[in-house]
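Beneath this line is the structure, given in structure tokens, with notes to follow.
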Amino acid sequence: MKEIVVISGKGGTGKTSLVASLAALSETPVLADCDVDAADLHLVLEPRSRHTEDFSGGKSARIIPDKCSNCGKCFELCRFEAIIKDDSKQPVFSVDPIACEGCGVCSRFCPEKAIEFKPSINGQWFISDTRYGPMVHARLGIAEENSGKLVSLVRGQARKLAEEKGLPYIIVDGPPGIGCPVIASVTGSDGVLIITEPTVSGEHDLERVAELVRHFQIPAYLCINKYDLNPEMSERIEEKAVSGGIMVVGRIRYDRSVTRAQVKRIPVVEIDDSAAAEDIRKIWEALAAEINKNN
Ligand code: SF4
Ligand code: SF4
């Protein structure tokens, strides 16, 4: 089984469209949407959920009003300013659930044992069926963090499904950026496909993600989306990639059929006579050949 993670330095580079097409091209993959902060793979693949579970990324505090003596100790001790003091109410002190970092100090030192410290529900994760294969995806609650932990959970569940069903590929829609969720989505994978655009920020994004995958010694591959909008810049980015040990697996032309596919909510490879689809097919062939050769 091979796990391929598609990432981009930032959002809006066509990453999810590419993942949806790879889902259609690879043979019954397990799909994992690790872009948990802004999951949108489901918009194209229209999954039917068959399993839902709460996700707890940590604990949070809550003051039990009947037990609180308003001594103010928790207010003094909380270094995240997550205890709110409001003299117009009883009890005077309460916990701001968004500011609470879940350190547990207030609960430990409350003289009245008036502070509950329980696992907080930060989101949900799902196993669903799509027309291409099973998909693991998640939804993080508003203003919730710990997405690195949720990304690891989604990947772990996708791996379990692939093992159980003996499926050959896990295709991961990775989060944008280079932070903790991205690290959680790429470490230990068989290969990372970087998608970028021929712009100055695309070049900069490539440098950032290239450094990350080099650090974790993961085989990396590049494709440039809408490369023909700036062929000189595309060449420059590809040269940088190659000199940094990243293999170029293809280029995708600017093509209006991509928008048509988005409107129809289908992967672009399902649109007839699409130039972008032809490019993506070649990318998949090159990528699959390399991934299976390298591992
Ligand atoms: S430390 Fe406990 S008793 Fe004191 S104000 Fe906080 S919750 Fe209330
Ligand atoms: S658990 Fe920690 S961060 Fe949260 S309110 Fe208590 S002391 Fe503050």
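The chains in the structure tokens are called A, B, ... from first to last as shown; in each chain the residues are counted from 1, and the ligands are counted from 1 in the order shown.
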**OP:** Give the residues close to ligand 2, within 7 Å, counting only C-alpha atoms and all ligand atoms; write them as a VMD selection string.
**Re:** chain A and resid 60 to 61 74 77 to 83 95 99 to 107
**OP:** Go through segment 95-282 of chain A and collect every residue that DSSP, computed from the backbone, puts in strand (DSSP E); the answer should be as JSON, numbers by chain.
**Re:** {"A": [95, 115, 116, 117, 118, 119, 120, 123, 124, 125, 126, 127, 128, 129, 134, 135, 136, 137, 138, 139, 140, 169, 170, 171, 172, 173, 191, 192, 193, 194, 195, 196, 220, 221, 222, 223, 224, 225, 247, 248, 249, 250, 251, 252]}
Based on the backbone DSSP call, show me all residues of segment 25-185 of chain A assigned helix (DSSP H, G or I), as a short mmCIF file (atom, residue, chain, number, x, y, z; two decimals) with N, CA and C atoms, in the first residue's frame.
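Now in selection.cif:
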```cif
data_model
loop_
_atom_site.label_atom_id
_atom_site.label_comp_id
_atom_site.auth_asym_id
_atom_site.auth_seq_id
_atom_site.Cartn_x
_atom_site.Cartn_y
_atom_site.Cartn_z
N LEU A 25 -8.60 8.39 -10.85
CA LEU A 25 -7.65 7.66 -11.71
C LEU A 25 -7.02 6.46 -11.02
N LEU A 41 -12.95 18.54 0.07
CA LEU A 41 -12.94 17.43 -0.88
C LEU A 41 -14.34 16.82 -1.01
N HIS A 42 -15.10 16.88 0.10
CA HIS A 42 -16.46 16.31 0.08
C HIS A 42 -17.36 17.03 -0.92
N LEU A 43 -17.04 18.29 -1.26
CA LEU A 43 -17.89 19.03 -2.20
C LEU A 43 -17.84 18.41 -3.59
N VAL A 44 -16.68 17.83 -3.92
CA VAL A 44 -16.54 17.19 -5.25
C VAL A 44 -16.95 15.72 -5.18
N LEU A 45 -16.60 15.05 -4.09
CA LEU A 45 -16.78 13.60 -4.06
C LEU A 45 -18.12 13.17 -3.45
N PRO A 65 -20.90 26.21 39.22
CA PRO A 65 -21.34 27.38 40.01
C PRO A 65 -21.67 27.06 41.47
N ASP A 66 -22.38 25.95 41.72
CA ASP A 66 -22.83 25.65 43.09
C ASP A 66 -21.68 25.39 44.06
N LYS A 67 -20.55 24.98 43.53
CA LYS A 67 -19.43 24.65 44.42
C LYS A 67 -18.46 25.82 44.61
N LYS A 73 -8.79 32.24 43.34
CA LYS A 73 -7.50 31.56 43.17
C LYS A 73 -7.26 31.19 41.70
N CYS A 74 -8.29 30.67 41.03
CA CYS A 74 -8.13 30.27 39.62
C CYS A 74 -7.79 31.48 38.75
N PHE A 75 -8.39 32.62 39.05
CA PHE A 75 -8.14 33.86 38.31
C PHE A 75 -6.66 34.25 38.43
N GLU A 76 -6.13 34.09 39.63
CA GLU A 76 -4.71 34.43 39.87
C GLU A 76 -3.78 33.47 39.14
N LEU A 77 -4.16 32.20 39.13
CA LEU A 77 -3.24 31.17 38.62
C LEU A 77 -3.24 31.02 37.10
N VAL A 105 -4.29 23.61 35.59
CA VAL A 105 -3.78 24.19 36.84
C VAL A 105 -4.92 24.66 37.75
N CYS A 106 -5.91 25.35 37.17
CA CYS A 106 -7.01 25.88 37.99
C CYS A 106 -7.73 24.74 38.71
N SER A 107 -7.97 23.67 37.98
CA SER A 107 -8.70 22.54 38.54
C SER A 107 -7.91 21.90 39.69
N ARG A 108 -6.61 21.80 39.49
CA ARG A 108 -5.77 21.15 40.49
C ARG A 108 -5.74 21.94 41.80
N PHE A 109 -5.73 23.28 41.70
CA PHE A 109 -5.53 24.09 42.91
C PHE A 109 -6.81 24.72 43.46
N SER A 147 -5.45 20.79 15.27
CA SER A 147 -5.74 20.13 14.01
C SER A 147 -4.64 19.12 13.64
N GLY A 148 -3.42 19.29 14.18
CA GLY A 148 -2.36 18.30 13.92
C GLY A 148 -2.78 16.93 14.45
N LYS A 149 -3.38 16.93 15.63
CA LYS A 149 -3.84 15.68 16.24
C LYS A 149 -4.98 15.06 15.40
N LEU A 150 -5.88 15.92 14.91
CA LEU A 150 -6.99 15.42 14.09
C LEU A 150 -6.48 14.88 12.75
N VAL A 151 -5.49 15.56 12.18
CA VAL A 151 -4.88 15.09 10.92
C VAL A 151 -4.29 13.69 11.14
N SER A 152 -3.59 13.50 12.24
CA SER A 152 -3.00 12.18 12.53
C SER A 152 -4.09 11.12 12.67
N LEU A 153 -5.19 11.51 13.30
CA LEU A 153 -6.30 10.56 13.46
C LEU A 153 -6.88 10.18 12.09
N VAL A 154 -7.11 11.18 11.24
CA VAL A 154 -7.69 10.91 9.90
C VAL A 154 -6.75 9.99 9.11
N ARG A 155 -5.46 10.29 9.15
CA ARG A 155 -4.49 9.43 8.42
C ARG A 155 -4.48 8.01 8.99
N GLY A 156 -4.50 7.92 10.31
CA GLY A 156 -4.46 6.60 10.95
C GLY A 156 -5.68 5.76 10.56
N GLN A 157 -6.84 6.40 10.52
CA GLN A 157 -8.07 5.68 10.16
C GLN A 157 -8.03 5.27 8.69
N ALA A 158 -7.48 6.14 7.85
CA ALA A 158 -7.39 5.82 6.41
C ALA A 158 -6.46 4.61 6.22
N ARG A 159 -5.37 4.59 6.95
CA ARG A 159 -4.42 3.47 6.85
C ARG A 159 -5.08 2.16 7.30
N LYS A 160 -5.83 2.26 8.39
CA LYS A 160 -6.52 1.07 8.91
C LYS A 160 -7.49 0.51 7.86
N LEU A 161 -8.25 1.42 7.23
CA LEU A 161 -9.20 0.99 6.19
C LEU A 161 -8.48 0.33 5.02
N ALA A 162 -7.38 0.95 4.59
CA ALA A 162 -6.64 0.41 3.44
C ALA A 162 -6.09 -0.97 3.76
N GLU A 163 -5.61 -1.15 5.00
CA GLU A 163 -5.08 -2.45 5.41
C GLU A 163 -6.19 -3.50 5.46
N GLU A 164 -7.31 -3.12 6.08
CA GLU A 164 -8.43 -4.06 6.22
C GLU A 164 -8.93 -4.54 4.86
N LYS A 165 -9.01 -3.60 3.91
CA LYS A 165 -9.60 -3.93 2.61
C LYS A 165 -8.56 -4.29 1.56
N CYS A 180 2.22 22.70 11.79
CA CYS A 180 2.05 21.40 12.45
C CYS A 180 1.09 20.45 11.71
N PRO A 181 -0.07 20.93 11.22
CA PRO A 181 -0.97 19.99 10.50
C PRO A 181 -0.32 19.41 9.24
N VAL A 182 0.50 20.20 8.56
CA VAL A 182 1.16 19.70 7.35
C VAL A 182 2.20 18.64 7.73
N ILE A 183 2.95 18.93 8.77
CA ILE A 183 3.95 17.95 9.24
C ILE A 183 3.24 16.64 9.61
N ALA A 184 2.11 16.79 10.31
CA ALA A 184 1.35 15.59 10.70
C ALA A 184 0.83 14.83 9.49
N SER A 185 0.62 15.53 8.37
CA SER A 185 0.05 14.83 7.21
C SER A 185 1.11 14.21 6.30
#
```
Original post:
Quick one: residues within 6 Å of ligand 1, with only C-alpha atoms and all ligand atoms, as a ChimeraX atom specification?
Top reply: /A:63,68-74,93,110-112,114-115
Subject >> All residues 9 Å or closer to Leu287 of chain A, only C-alpha atoms, same chain fewer than 5 positions away omitted, as a ChimeraX atom specification >> reply: /A:191,193,221,249,282,292
Residues from the last selection, C-alpha atoms, saved as a compact mmCIF listing (two decimals), in the first residue's frame:
```txt
# COMPACT_ATOMS: atom_id res chain seq x y z
CA GLY A 191 5.59 10.47 -1.41
CA LEU A 193 3.05 15.68 -4.57
CA TYR A 221 7.27 15.44 -6.77
CA VAL A 249 6.00 14.83 -12.81
CA LYS A 282 0.03 11.87 -17.40
CA ASN A 292 5.97 2.08 -6.88
```
Original post:
Leaving out Gln124 of chain A and any residue of its chain fewer than 3 positions from it, which residues lie within 9 Å of it when counting only C-alpha atoms, given as a list in words?
Top reply: Thr52, Glu53, Asp54, Phe55, Ser56, Ile121, His137, Ala138, Arg139, Leu140 and Gly141 of chain A
Create the file for the chosen residues now, containing C-alpha atoms and written as a short mmCIF file (atom, residue, chain, number, x, y, z; two decimals), in the first residue's frame.
```cif
data_model
loop_
_atom_site.label_atom_id
_atom_site.label_comp_id
_atom_site.auth_asym_id
_atom_site.auth_seq_id
_atom_site.Cartn_x
_atom_site.Cartn_y
_atom_site.Cartn_z
CA THR A 52 -19.34 9.46 12.74
CA GLU A 53 -17.31 9.98 15.91
CA ASP A 54 -16.53 12.92 18.15
CA PHE A 55 -12.95 14.14 18.23
CA SER A 56 -11.37 15.28 21.47
CA ILE A 121 -15.20 17.85 21.99
CA HIS A 137 -12.66 13.21 6.67
CA ALA A 138 -13.25 15.51 9.60
CA ARG A 139 -14.72 18.76 10.75
CA LEU A 140 -13.02 20.86 13.39
CA GLY A 141 -15.28 23.05 15.57
#
```
Subject >> Selection: 10 Å around Arg131 of chain A, only C-alpha atoms, excl. self and same-chain fewer than 6 positions, as JSON, numbers by chain >> reply: {"A": [23, 24, 28, 45, 46, 47, 48]}
Original post:
Given the choices A:Arg253, A:Lys240, A:Lys226, A:Lys113, which gets closest to Asp205 of chain A if the distance is worked out from only C-alpha atoms?
Top reply: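 Looking only at the distances to Asp205 of chain A, the closest residue turns out to be A:Lys240.
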Polymer residues at most 7 Å from Ser128 of chain A, only C-alpha atoms, same-chain spacing of 6 or more positions, as an mmCIF file with C-alpha atoms, in the first residue's frame:
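Below is the file that was written, part-v6.cif:
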```cif
data_model
loop_
_atom_site.group_PDB
_atom_site.id
_atom_site.type_symbol
_atom_site.label_atom_id
_atom_site.label_comp_id
_atom_site.auth_asym_id
_atom_site.auth_seq_id
_atom_site.Cartn_x
_atom_site.Cartn_y
_atom_site.Cartn_z
ATOM 1 C CA PRO A 47 -19.487 11.195 0.338
ATOM 2 C CA ARG A 48 -22.272 9.246 2.062
ATOM 3 C CA SER A 49 -21.350 9.067 5.719
ATOM 4 C CA ARG A 50 -21.485 5.618 7.365
ATOM 5 C CA HIS A 51 -19.597 6.279 10.620
ATOM 6 C CA PRO A 134 -13.912 5.010 1.089
ATOM 7 C CA MET A 135 -13.020 8.401 2.505
ATOM 8 C CA VAL A 136 -11.993 9.554 5.965
#
```
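When the distance limit is 12 Å and only C-alpha atoms are what count, the residues near Gly244 of chain A, minus those fewer than 6 positions from it on the same chain, are A:Leu206, A:Glu207, A:Arg208, A:Val209, A:Ala210, A:Glu211, A:Leu212, A:Val213, A:Arg214, A:His215, A:Gln217, A:Pro219, A:Ala220, A:Tyr221, A:Leu222, A:Ile237, A:Glu238.
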**OP:** Tell me which of A:Pro119, A:Gly133, A:Pro97, A:Gly12 sits closest to Pro29 of chain A, counting only C-alpha atoms.
**Re:**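 The closest residue to Pro29 of chain A is A:Gly133.
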